[in-house]
Amino acid sequence: MRGESLSVPYGMMRGVTGRLMLLDTASLYFRAYFGVPDSVKAPDGTPVNAVRGLLDFIDRLVKDHRPDHLVACMDADWRPHWRVELIPSYKAHRVAEEHAAGPDEEEVPDTLSPQVPVIEAVLDAVGIARVGVAEYEADDVIGTFTARAKGPVDIVTGDRDLYQLVDDARGVRVLYPLKGVGTLQLTDEAVLRGKYGVDGSGYADLALLRGDPSDGLPGVPGIGEKTAAKLLAEFGDLGGIMAAVEDRRSKLTPTQRRRLDEARPYLAVAPKVVRVADDVPLPDVATALPRAPRDPAALETLAARWGLGGSLERLLVTLGS
């Protein structure tokens with residue numbers, strides 16, 4: 001049961017142990033955009049496939065997992081300059097236009113960009129908490145909410161980077177969509193060990209060692225995922241691996257030792273880039289799952305303007321149940 005104490009701002013909670021669900025919102029609306037036909041349109045012919053797809057995602061997630069709290073985490077800055085200063089190639093291939101005074105513009109499909117403000121307006125009118133913090137990615141917002149959580153946490157994302165937050169002892173798991181949102185991989189430490197040979201705390205080291213072309217992370221040349229997992233199993237973490245580089249008696253091969261030694265400049269900065277922040281200055285927001293719309297009049301206008309139809313109606317029924 002969801003009690004009245006759950007309606008206070010999350011930042012001021014004390015001892016609440018309800019389940020918190022954190023949405024990596026951009027990851028989900030991108031999936032909705034590519035998973036729902038662009039023939040789904042508003043009355044004026046504007047595509048709303050990402051909007052309606054995301055509402056269907058949220059409806060299914062709430063039905064299946066019954067969170068007490070729900071936060072749509074946003075990318076206020078999808079490519080923070082403090083990360084780029086450390087690794088200039090970070091997400092560089094996804095930049096549409098650079099801006100010296102603010103966030104760079106990301107390459108987004110032409111028919112998706114206009115849907116993002118609609119998504120934001122609908123979430124606000126429904127009353128689902130929406131949090132983005134200047135100079136931080138949604139991943140960092142998720143990392144900070146997770147660090148502060150008093151109870152179990154479900155992180156919904158199509159981004160494997162957030163596997164680093166999985167923690168069985170704290171009840172933190174990642175719900176990773178395999179196909180739409182109807183088929184989710186419930187990612188706990190057993191899944192990570194089975195697939196990657198590491199637990200949540202080791203995943204960030206695995207990722208920075210192997211690299212990630214989708215994020216512009218070069219990794220250590222010649223150190224792929226399997227080798228990285230073996231090194232972490234042998235030496236514990238990145239610090240242990242680098243200590244082994246110094247120790248000529250360690251079991252590193254000469255080639256591994258040379259490659260890791262040559263990669264020192266990258267390995268010195270990569271942890272700060274790859275590991276999600278857990279100290280973002282979050283605003284105080286009411287995160288309790290809303291039972292009724294926050295702004296019914298605005299929601300009615302949005303529903304009519306954008307033809308949200310059954311997707312919105314189903315979500316409202318689910319939230320009120």
# chains A, B, ... in the order shown; residues from 1 in each chain; ligands from 1
>>> select_by_dssp(residues="region 10-258 of chain A", states="alpha helix (DSSP H)", output="PyMOL selection string")
chain A and resi 25-35+49-65+81-86+115-126+138-148+189-196+200-210+225-235+238-246+254-258
>>> residues_around(residues="region 26-36 of chain A", least_positions_apart="3", cutoff="9 Å", atoms="only C-alpha atoms", output="PDB file with all heavy atoms, in the first residue's frame")
ATOM      1  N   LEU A  23      13.466   6.167 -14.401  1.00  0.00           N
ATOM      2  CA  LEU A  23      13.426   6.002 -15.853  1.00  0.00           C
ATOM      3  C   LEU A  23      14.568   6.768 -16.506  1.00  0.00           C
ATOM      4  O   LEU A  23      14.735   7.971 -16.256  1.00  0.00           O
ATOM      5  CB  LEU A  23      12.108   6.522 -16.420  1.00  0.00           C
ATOM      6  CG  LEU A  23      10.812   5.981 -15.817  1.00  0.00           C
ATOM      7  CD1 LEU A  23       9.612   6.601 -16.526  1.00  0.00           C
ATOM      8  CD2 LEU A  23      10.758   4.465 -15.880  1.00  0.00           C
ATOM      9  N   SER A  39       3.438   6.171 -38.343  1.00  0.00           N
ATOM     10  CA  SER A  39       2.067   6.415 -38.795  1.00  0.00           C
ATOM     11  C   SER A  39       1.162   6.805 -37.631  1.00  0.00           C
ATOM     12  O   SER A  39       0.011   7.228 -37.846  1.00  0.00           O
ATOM     13  CB  SER A  39       1.508   5.163 -39.487  1.00  0.00           C
ATOM     14  OG  SER A  39       1.564   4.039 -38.627  1.00  0.00           O
ATOM     15  N   VAL A  40       1.659   6.650 -36.401  1.00  0.00           N
ATOM     16  CA  VAL A  40       0.917   7.105 -35.217  1.00  0.00           C
ATOM     17  C   VAL A  40       1.099   8.614 -35.137  1.00  0.00           C
ATOM     18  O   VAL A  40       2.194   9.110 -34.841  1.00  0.00           O
ATOM     19  CB  VAL A  40       1.433   6.418 -33.932  1.00  0.00           C
ATOM     20  CG1 VAL A  40       0.722   6.964 -32.709  1.00  0.00           C
ATOM     21  CG2 VAL A  40       1.252   4.906 -34.040  1.00  0.00           C
ATOM     22  N   VAL A  48       3.534  11.255 -33.373  1.00  0.00           N
ATOM     23  CA  VAL A  48       3.584  11.223 -31.901  1.00  0.00           C
ATOM     24  C   VAL A  48       3.903   9.810 -31.430  1.00  0.00           C
ATOM     25  O   VAL A  48       3.513   9.400 -30.341  1.00  0.00           O
ATOM     26  CB  VAL A  48       2.266  11.738 -31.270  1.00  0.00           C
ATOM     27  CG1 VAL A  48       2.114  13.234 -31.454  1.00  0.00           C
ATOM     28  CG2 VAL A  48       1.054  10.989 -31.828  1.00  0.00           C
ATOM     29  N   ASN A  49       4.628   9.060 -32.273  1.00  0.00           N
ATOM     30  CA  ASN A  49       4.942   7.676 -31.924  1.00  0.00           C
ATOM     31  C   ASN A  49       5.797   7.566 -30.673  1.00  0.00           C
ATOM     32  O   ASN A  49       5.603   6.654 -29.846  1.00  0.00           O
ATOM     33  CB  ASN A  49       5.601   6.952 -33.100  1.00  0.00           C
ATOM     34  CG  ASN A  49       6.784   7.690 -33.693  1.00  0.00           C
ATOM     35  OD1 ASN A  49       6.845   8.923 -33.666  1.00  0.00           O
ATOM     36  ND2 ASN A  49       7.722   6.953 -34.253  1.00  0.00           N
ATOM     37  N   ALA A  50       6.753   8.495 -30.469  1.00  0.00           N
ATOM     38  CA  ALA A  50       7.586   8.446 -29.274  1.00  0.00           C
ATOM     39  C   ALA A  50       6.767   8.800 -28.034  1.00  0.00           C
ATOM     40  O   ALA A  50       6.948   8.197 -26.975  1.00  0.00           O
ATOM     41  CB  ALA A  50       8.769   9.402 -29.407  1.00  0.00           C
ATOM     42  N   VAL A  51       5.872   9.776 -28.162  1.00  0.00           N
ATOM     43  CA  VAL A  51       5.042  10.186 -27.028  1.00  0.00           C
ATOM     44  C   VAL A  51       4.143   9.039 -26.585  1.00  0.00           C
ATOM     45  O   VAL A  51       4.137   8.638 -25.416  1.00  0.00           O
ATOM     46  CB  VAL A  51       4.173  11.415 -27.386  1.00  0.00           C
ATOM     47  CG1 VAL A  51       3.372  11.864 -26.167  1.00  0.00           C
ATOM     48  CG2 VAL A  51       5.027  12.556 -27.915  1.00  0.00           C
ATOM     49  N   ARG A  52       3.390   8.503 -27.528  1.00  0.00           N
ATOM     50  CA  ARG A  52       2.453   7.446 -27.175  1.00  0.00           C
ATOM     51  C   ARG A  52       3.182   6.166 -26.767  1.00  0.00           C
ATOM     52  O   ARG A  52       2.758   5.459 -25.849  1.00  0.00           O
ATOM     53  CB  ARG A  52       1.490   7.188 -28.332  1.00  0.00           C
ATOM     54  CG  ARG A  52       0.556   8.365 -28.568  1.00  0.00           C
ATOM     55  CD  ARG A  52      -0.599   8.046 -29.474  1.00  0.00           C
ATOM     56  NE  ARG A  52      -1.408   6.954 -28.966  1.00  0.00           N
ATOM     57  CZ  ARG A  52      -2.637   6.681 -29.412  1.00  0.00           C
ATOM     58  NH1 ARG A  52      -3.173   7.428 -30.366  1.00  0.00           N
ATOM     59  NH2 ARG A  52      -3.324   5.669 -28.928  1.00  0.00           N
ATOM     60  N   GLY A  53       4.299   5.880 -27.434  1.00  0.00           N
ATOM     61  CA  GLY A  53       5.077   4.698 -27.067  1.00  0.00           C
ATOM     62  C   GLY A  53       5.609   4.792 -25.647  1.00  0.00           C
ATOM     63  O   GLY A  53       5.576   3.813 -24.888  1.00  0.00           O
ATOM     64  N   LEU A  54       6.101   5.971 -25.252  1.00  0.00           N
ATOM     65  CA  LEU A  54       6.615   6.143 -23.896  1.00  0.00           C
ATOM     66  C   LEU A  54       5.488   6.001 -22.876  1.00  0.00           C
ATOM     67  O   LEU A  54       5.678   5.375 -21.822  1.00  0.00           O
ATOM     68  CB  LEU A  54       7.298   7.498 -23.750  1.00  0.00           C
ATOM     69  CG  LEU A  54       7.883   7.781 -22.350  1.00  0.00           C
ATOM     70  CD1 LEU A  54       9.005   6.800 -22.013  1.00  0.00           C
ATOM     71  CD2 LEU A  54       8.385   9.218 -22.252  1.00  0.00           C
ATOM     72  N   ASP A  56       2.846   4.204 -23.180  1.00  0.00           N
ATOM     73  CA  ASP A  56       2.559   2.770 -23.101  1.00  0.00           C
ATOM     74  C   ASP A  56       3.630   2.050 -22.280  1.00  0.00           C
ATOM     75  O   ASP A  56       3.316   1.133 -21.501  1.00  0.00           O
ATOM     76  CB  ASP A  56       2.487   2.166 -24.506  1.00  0.00           C
ATOM     77  CG  ASP A  56       1.233   2.582 -25.262  1.00  0.00           C
ATOM     78  OD1 ASP A  56       0.237   2.958 -24.611  1.00  0.00           O
ATOM     79  OD2 ASP A  56       1.253   2.533 -26.512  1.00  0.00           O
ATOM     80  N   PHE A  57       4.899   2.459 -22.455  1.00  0.00           N
ATOM     81  CA  PHE A  57       5.987   1.884 -21.665  1.00  0.00           C
ATOM     82  C   PHE A  57       5.715   2.089 -20.175  1.00  0.00           C
ATOM     83  O   PHE A  57       5.788   1.156 -19.366  1.00  0.00           O
ATOM     84  CB  PHE A  57       7.316   2.576 -22.005  1.00  0.00           C
ATOM     85  CG  PHE A  57       8.017   2.046 -23.221  1.00  0.00           C
ATOM     86  CD1 PHE A  57       7.402   1.181 -24.093  1.00  0.00           C
ATOM     87  CD2 PHE A  57       9.321   2.439 -23.494  1.00  0.00           C
ATOM     88  CE1 PHE A  57       8.049   0.705 -25.225  1.00  0.00           C
ATOM     89  CE2 PHE A  57       9.989   1.972 -24.625  1.00  0.00           C
ATOM     90  CZ  PHE A  57       9.353   1.108 -25.485  1.00  0.00           C
ATOM     91  N   CYS A  73      14.026  10.599 -15.262  1.00  0.00           N
ATOM     92  CA  CYS A  73      15.324  11.278 -15.192  1.00  0.00           C
ATOM     93  C   CYS A  73      15.713  11.755 -16.595  1.00  0.00           C
ATOM     94  O   CYS A  73      15.612  11.006 -17.568  1.00  0.00           O
ATOM     95  CB  CYS A  73      16.378  10.348 -14.614  1.00  0.00           C
ATOM     96  SG  CYS A  73      15.954   9.746 -12.952  1.00  0.00           S
ATOM     97  N   MET A  74      16.157  13.004 -16.671  1.00  0.00           N
ATOM     98  CA  MET A  74      16.372  13.658 -17.959  1.00  0.00           C
ATOM     99  C   MET A  74      17.852  14.024 -18.157  1.00  0.00           C
ATOM    100  O   MET A  74      18.595  14.225 -17.186  1.00  0.00           O
ATOM    101  CB  MET A  74      15.533  14.938 -18.052  1.00  0.00           C
ATOM    102  CG  MET A  74      14.075  14.790 -17.634  1.00  0.00           C
ATOM    103  SD  MET A  74      13.100  13.650 -18.652  1.00  0.00           S
ATOM    104  CE  MET A  74      13.024  14.564 -20.202  1.00  0.00           C
ATOM    105  N   ASP A  75      18.233  14.161 -19.428  1.00  0.00           N
ATOM    106  CA  ASP A  75      19.566  14.658 -19.780  1.00  0.00           C
ATOM    107  C   ASP A  75      19.507  16.176 -19.881  1.00  0.00           C
ATOM    108  O   ASP A  75      19.165  16.714 -20.942  1.00  0.00           O
ATOM    109  CB  ASP A  75      20.018  14.102 -21.131  1.00  0.00           C
ATOM    110  CG  ASP A  75      20.479  12.658 -21.062  1.00  0.00           C
ATOM    111  OD1 ASP A  75      21.173  12.304 -20.099  1.00  0.00           O
ATOM    112  OD2 ASP A  75      20.136  11.889 -21.976  1.00  0.00           O
ATOM    113  N   LEU A 112      11.617  13.199 -34.219  1.00  0.00           N
ATOM    114  CA  LEU A 112      11.636  12.938 -32.776  1.00  0.00           C
ATOM    115  C   LEU A 112      11.780  14.231 -31.980  1.00  0.00           C
ATOM    116  O   LEU A 112      11.117  14.410 -30.952  1.00  0.00           O
ATOM    117  CB  LEU A 112      12.766  11.961 -32.414  1.00  0.00           C
ATOM    118  CG  LEU A 112      13.004  11.727 -30.919  1.00  0.00           C
ATOM    119  CD1 LEU A 112      11.732  11.214 -30.229  1.00  0.00           C
ATOM    120  CD2 LEU A 112      14.150  10.735 -30.708  1.00  0.00           C
ATOM    121  N   VAL A 116       9.831  15.715 -28.014  1.00  0.00           N
ATOM    122  CA  VAL A 116      10.406  15.755 -26.666  1.00  0.00           C
ATOM    123  C   VAL A 116       9.703  16.782 -25.772  1.00  0.00           C
ATOM    124  O   VAL A 116       9.341  16.465 -24.621  1.00  0.00           O
ATOM    125  CB  VAL A 116      11.924  16.002 -26.727  1.00  0.00           C
ATOM    126  CG1 VAL A 116      12.509  16.148 -25.320  1.00  0.00           C
ATOM    127  CG2 VAL A 116      12.626  14.851 -27.472  1.00  0.00           C
ATOM    128  N   ILE A 119       6.454  15.276 -24.648  1.00  0.00           N
ATOM    129  CA  ILE A 119       6.675  14.283 -23.592  1.00  0.00           C
ATOM    130  C   ILE A 119       6.835  14.967 -22.243  1.00  0.00           C
ATOM    131  O   ILE A 119       6.214  14.574 -21.242  1.00  0.00           O
ATOM    132  CB  ILE A 119       7.907  13.424 -23.924  1.00  0.00           C
ATOM    133  CG1 ILE A 119       7.595  12.470 -25.085  1.00  0.00           C
ATOM    134  CG2 ILE A 119       8.389  12.640 -22.695  1.00  0.00           C
ATOM    135  CD1 ILE A 119       8.805  11.762 -25.656  1.00  0.00           C
ATOM    136  N   ALA A 138      21.361  12.160 -17.446  1.00  0.00           N
ATOM    137  CA  ALA A 138      20.342  11.409 -16.713  1.00  0.00           C
ATOM    138  C   ALA A 138      20.977  10.296 -15.888  1.00  0.00           C
ATOM    139  O   ALA A 138      20.524   9.997 -14.775  1.00  0.00           O
ATOM    140  CB  ALA A 138      19.319  10.834 -17.689  1.00  0.00           C
ATOM    141  N   VAL A 156      15.173   1.647 -15.087  1.00  0.00           N
ATOM    142  CA  VAL A 156      14.698   1.193 -16.397  1.00  0.00           C
ATOM    143  C   VAL A 156      15.491   1.922 -17.467  1.00  0.00           C
ATOM    144  O   VAL A 156      15.393   3.140 -17.620  1.00  0.00           O
ATOM    145  CB  VAL A 156      13.189   1.467 -16.577  1.00  0.00           C
ATOM    146  CG1 VAL A 156      12.700   0.789 -17.860  1.00  0.00           C
ATOM    147  CG2 VAL A 156      12.401   0.969 -15.377  1.00  0.00           C
ATOM    148  N   THR A 157      16.292   1.186 -18.215  1.00  0.00           N
ATOM    149  CA  THR A 157      17.188   1.801 -19.198  1.00  0.00           C
ATOM    150  C   THR A 157      17.581   0.806 -20.268  1.00  0.00           C
ATOM    151  O   THR A 157      17.648  -0.404 -20.013  1.00  0.00           O
ATOM    152  CB  THR A 157      18.458   2.324 -18.506  1.00  0.00           C
ATOM    153  OG1 THR A 157      19.322   2.942 -19.484  1.00  0.00           O
ATOM    154  CG2 THR A 157      19.239   1.205 -17.826  1.00  0.00           C
ATOM    155  N   GLY A 158      17.840   1.316 -21.461  1.00  0.00           N
ATOM    156  CA  GLY A 158      18.433   0.519 -22.523  1.00  0.00           C
ATOM    157  C   GLY A 158      19.925   0.743 -22.624  1.00  0.00           C
ATOM    158  O   GLY A 158      20.553   0.355 -23.613  1.00  0.00           O
ATOM    159  N   ASP A 159      20.514   1.375 -21.602  1.00  0.00           N
ATOM    160  CA  ASP A 159      21.936   1.719 -21.578  1.00  0.00           C
ATOM    161  C   ASP A 159      22.646   0.829 -20.568  1.00  0.00           C
ATOM    162  O   ASP A 159      22.394   0.919 -19.356  1.00  0.00           O
ATOM    163  CB  ASP A 159      22.097   3.191 -21.201  1.00  0.00           C
ATOM    164  CG  ASP A 159      23.530   3.672 -21.257  1.00  0.00           C
ATOM    165  OD1 ASP A 159      24.440   2.831 -21.428  1.00  0.00           O
ATOM    166  OD2 ASP A 159      23.755   4.887 -21.116  1.00  0.00           O
ATOM    167  N   PRO A 177      15.228  -3.320 -21.359  1.00  0.00           N
ATOM    168  CA  PRO A 177      14.297  -3.765 -22.393  1.00  0.00           C
ATOM    169  C   PRO A 177      15.012  -4.562 -23.485  1.00  0.00           C
ATOM    170  O   PRO A 177      15.969  -4.087 -24.087  1.00  0.00           O
ATOM    171  CB  PRO A 177      13.732  -2.458 -22.966  1.00  0.00           C
ATOM    172  CG  PRO A 177      14.067  -1.402 -21.956  1.00  0.00           C
ATOM    173  CD  PRO A 177      15.340  -1.846 -21.318  1.00  0.00           C
ATOM    174  N   LYS A 179      12.964  -6.266 -25.894  1.00  0.00           N
ATOM    175  CA  LYS A 179      12.079  -6.031 -27.027  1.00  0.00           C
ATOM    176  C   LYS A 179      10.910  -5.201 -26.526  1.00  0.00           C
ATOM    177  O   LYS A 179      10.118  -5.672 -25.721  1.00  0.00           O
ATOM    178  CB  LYS A 179      11.585  -7.347 -27.618  1.00  0.00           C
ATOM    179  CG  LYS A 179      10.756  -7.171 -28.887  1.00  0.00           C
ATOM    180  CD  LYS A 179      10.360  -8.510 -29.465  1.00  0.00           C
ATOM    181  CE  LYS A 179       9.569  -8.319 -30.757  1.00  0.00           C
ATOM    182  NZ  LYS A 179       9.142  -9.620 -31.345  1.00  0.00           N
ATOM    183  N   GLY A 180      10.859  -3.949 -26.963  1.00  0.00           N
ATOM    184  CA  GLY A 180       9.854  -3.053 -26.414  1.00  0.00           C
ATOM    185  C   GLY A 180      10.066  -2.925 -24.919  1.00  0.00           C
ATOM    186  O   GLY A 180      11.175  -2.856 -24.430  1.00  0.00           O
ATOM    187  N   VAL A 181       8.980  -2.908 -24.170  1.00  0.00           N
ATOM    188  CA  VAL A 181       9.095  -2.923 -22.715  1.00  0.00           C
ATOM    189  C   VAL A 181       8.362  -4.130 -22.151  1.00  0.00           C
ATOM    190  O   VAL A 181       8.358  -4.362 -20.960  1.00  0.00           O
ATOM    191  CB  VAL A 181       8.550  -1.612 -22.112  1.00  0.00           C
ATOM    192  CG1 VAL A 181       7.040  -1.619 -22.080  1.00  0.00           C
ATOM    193  CG2 VAL A 181       9.129  -1.330 -20.736  1.00  0.00           C
TER     194      VAL A 181
END
>>> residues_around(residues="Tyr163 (chain A)", least_positions_apart="6", cutoff="9 Å", atoms="only C-alpha atoms", output="list in words")
Arg173, Val174, Thr187, Asp188, Leu192, Asp199, Gly200, Ser201, Tyr203 and Ala204 of chain A
>>> write_last_selection(atoms="all heavy atoms", output="compact mmCIF listing (two decimals), in the first residue's frame")
# COMPACT_ATOMS: atom_id res chain seq x y z
N ARG A 173 18.37 -3.06 -9.01
CA ARG A 173 18.47 -3.86 -10.22
C ARG A 173 18.15 -2.99 -11.42
O ARG A 173 17.55 -1.91 -11.30
CB ARG A 173 17.52 -5.05 -10.17
CG ARG A 173 16.06 -4.67 -10.04
CD ARG A 173 15.15 -5.88 -9.89
NE ARG A 173 13.75 -5.49 -9.86
CZ ARG A 173 12.74 -6.35 -9.87
NH1 ARG A 173 12.98 -7.65 -9.91
NH2 ARG A 173 11.49 -5.91 -9.84
N VAL A 174 18.57 -3.45 -12.60
CA VAL A 174 18.29 -2.75 -13.85
C VAL A 174 17.28 -3.56 -14.64
O VAL A 174 17.45 -4.76 -14.84
CB VAL A 174 19.58 -2.54 -14.67
CG1 VAL A 174 19.25 -2.10 -16.10
CG2 VAL A 174 20.48 -1.51 -14.00
N THR A 187 18.02 -7.43 -14.42
CA THR A 187 19.47 -7.57 -14.28
C THR A 187 19.89 -7.41 -12.84
O THR A 187 19.81 -6.31 -12.26
CB THR A 187 20.19 -6.52 -15.15
OG1 THR A 187 19.66 -6.56 -16.48
CG2 THR A 187 21.68 -6.79 -15.18
N ASP A 188 20.34 -8.52 -12.24
CA ASP A 188 20.91 -8.50 -10.90
C ASP A 188 22.35 -8.97 -10.99
O ASP A 188 22.89 -9.12 -12.09
CB ASP A 188 20.08 -9.35 -9.93
CG ASP A 188 19.95 -10.81 -10.39
OD1 ASP A 188 20.68 -11.22 -11.33
OD2 ASP A 188 19.14 -11.54 -9.80
N LEU A 192 24.80 -10.38 -14.22
CA LEU A 192 26.06 -9.74 -14.61
C LEU A 192 27.22 -10.72 -14.55
O LEU A 192 28.05 -10.77 -15.46
CB LEU A 192 26.34 -8.54 -13.70
CG LEU A 192 25.40 -7.34 -13.85
CD1 LEU A 192 25.86 -6.22 -12.92
CD2 LEU A 192 25.33 -6.85 -15.28
N ASP A 199 30.45 -8.23 -11.01
CA ASP A 199 29.22 -7.77 -10.38
C ASP A 199 29.04 -6.30 -10.71
O ASP A 199 29.76 -5.73 -11.53
CB ASP A 199 29.27 -8.00 -8.86
CG ASP A 199 30.46 -7.34 -8.20
OD1 ASP A 199 31.10 -6.46 -8.81
OD2 ASP A 199 30.76 -7.70 -7.04
N GLY A 200 28.03 -5.66 -10.09
CA GLY A 200 27.75 -4.27 -10.43
C GLY A 200 28.93 -3.35 -10.22
O GLY A 200 29.26 -2.52 -11.08
N SER A 201 29.61 -3.50 -9.08
CA SER A 201 30.71 -2.60 -8.77
C SER A 201 31.88 -2.77 -9.73
O SER A 201 32.69 -1.85 -9.90
CB SER A 201 31.19 -2.82 -7.33
OG SER A 201 31.66 -4.15 -7.16
N TYR A 203 31.48 -3.48 -13.03
CA TYR A 203 31.09 -3.26 -14.42
C TYR A 203 31.72 -2.00 -15.01
O TYR A 203 32.10 -1.98 -16.18
CB TYR A 203 29.57 -3.19 -14.55
CG TYR A 203 29.14 -3.20 -16.00
CD1 TYR A 203 29.02 -4.39 -16.70
CD2 TYR A 203 28.93 -2.02 -16.70
CE1 TYR A 203 28.68 -4.42 -18.04
CE2 TYR A 203 28.59 -2.02 -18.04
CZ TYR A 203 28.47 -3.23 -18.71
OH TYR A 203 28.15 -3.24 -20.04
N ALA A 204 31.85 -0.93 -14.21
CA ALA A 204 32.44 0.30 -14.74
C ALA A 204 33.90 0.06 -15.16
O ALA A 204 34.34 0.54 -16.21
CB ALA A 204 32.37 1.42 -13.70
>>> residues_around(residues="Pro80 (chain A)", least_positions_apart="6", cutoff="8 Å", atoms="only C-alpha atoms", output="VMD selection string")
chain A and resid 103 135 to 137
>>> write_last_selection(atoms="all heavy atoms", output="compact mmCIF listing (two decimals), in the first residue's frame")
# COMPACT_ATOMS: atom_id res chain seq x y z
N PRO A 103 25.04 23.17 -23.44
CA PRO A 103 25.13 21.79 -23.93
C PRO A 103 25.22 21.72 -25.45
O PRO A 103 24.57 22.49 -26.15
CB PRO A 103 23.82 21.16 -23.44
CG PRO A 103 23.39 22.00 -22.29
CD PRO A 103 23.84 23.38 -22.62
N GLU A 135 24.47 20.44 -16.34
CA GLU A 135 25.83 19.91 -16.42
C GLU A 135 25.92 18.43 -16.06
O GLU A 135 27.02 17.91 -15.86
CB GLU A 135 26.81 20.73 -15.55
CG GLU A 135 26.89 22.19 -15.96
CD GLU A 135 27.88 22.98 -15.12
OE1 GLU A 135 28.61 22.37 -14.32
OE2 GLU A 135 27.92 24.20 -15.27
N TYR A 136 24.78 17.75 -15.99
CA TYR A 136 24.78 16.32 -15.69
C TYR A 136 23.86 15.57 -16.64
O TYR A 136 22.86 16.09 -17.12
CB TYR A 136 24.34 16.05 -14.26
CG TYR A 136 25.35 16.50 -13.22
CD1 TYR A 136 25.20 17.71 -12.57
CD2 TYR A 136 26.45 15.70 -12.90
CE1 TYR A 136 26.13 18.14 -11.63
CE2 TYR A 136 27.38 16.11 -11.96
CZ TYR A 136 27.22 17.33 -11.33
OH TYR A 136 28.13 17.74 -10.39
N GLU A 137 24.23 14.30 -16.86
CA GLU A 137 23.41 13.41 -17.66
C GLU A 137 22.35 12.74 -16.78
O GLU A 137 22.45 12.72 -15.55
CB GLU A 137 24.29 12.33 -18.30
CG GLU A 137 25.36 12.88 -19.24
CD GLU A 137 26.26 11.80 -19.79
OE1 GLU A 137 25.74 10.86 -20.42
OE2 GLU A 137 27.48 11.90 -19.60
>>> closest_residue(among="A:His69, A:Lys41, A:Arg83, A:Lys195", to="Arg130 (chain A)", atoms="only C-alpha atoms")
A:His69
>>> closest_residue(among="A:Val274, A:Val280, A:Leu289, A:Met21", to="Ile128 (chain A)", atoms="only C-alpha atoms")
A:Leu289
>>> residues_around(residues="Arg291 (chain A)", least_positions_apart="2", cutoff="8 Å", atoms="only C-alpha atoms", output="list in words")
Leu289, Pro293, Leu316, Leu319, Gly320 and Ser321 of chain A
>>> closest_residue(among="A:Asp64, A:Asp205, A:Asp278, A:Glu189", to="Gly236 (chain A)", atoms="only C-alpha atoms")
A:Asp205
>>> residues_around(residues="Ala121 (chain A)", least_positions_apart="4", cutoff="9 Å", atoms="only C-alpha atoms", output="CSV table (one decimal) with N, CA and C atoms, in the first residue's frame")
chain,number,residue,atom,x,y,z
A,116,VAL,N,9.8,15.7,-28.0
A,116,VAL,CA,10.4,15.8,-26.7
A,116,VAL,C,9.7,16.8,-25.8
A,117,PRO,N,9.5,18.0,-26.2
A,117,PRO,CA,8.7,19.0,-25.4
A,117,PRO,C,7.3,18.5,-25.0
A,125,ALA,N,2.0,17.3,-16.5
A,125,ALA,CA,0.6,17.4,-16.3
A,125,ALA,C,0.1,16.2,-15.6
A,126,VAL,N,0.6,15.0,-15.9
A,126,VAL,CA,0.2,13.8,-15.2
A,126,VAL,C,0.7,13.8,-13.7
A,298,ALA,N,-4.7,21.0,-18.2
A,298,ALA,CA,-3.6,21.0,-19.2
A,298,ALA,C,-3.5,19.6,-19.9
A,299,LEU,N,-3.7,18.6,-19.1
A,299,LEU,CA,-3.6,17.2,-19.7
A,299,LEU,C,-4.7,17.0,-20.7
A,302,LEU,N,-3.6,18.8,-23.9
A,302,LEU,CA,-2.5,18.1,-24.5
A,302,LEU,C,-3.1,16.8,-25.2
>>> atom_distance(atom1="CA of Gly219 (chain A)", atom2="CA of Pro265 (chain A)")
11.3 Å
>>> closest_residue(among="A:Leu282, A:Ala100, A:Ala297, A:Ala129", to="Arg148 (chain A)", atoms="only C-alpha atoms")
A:Leu282
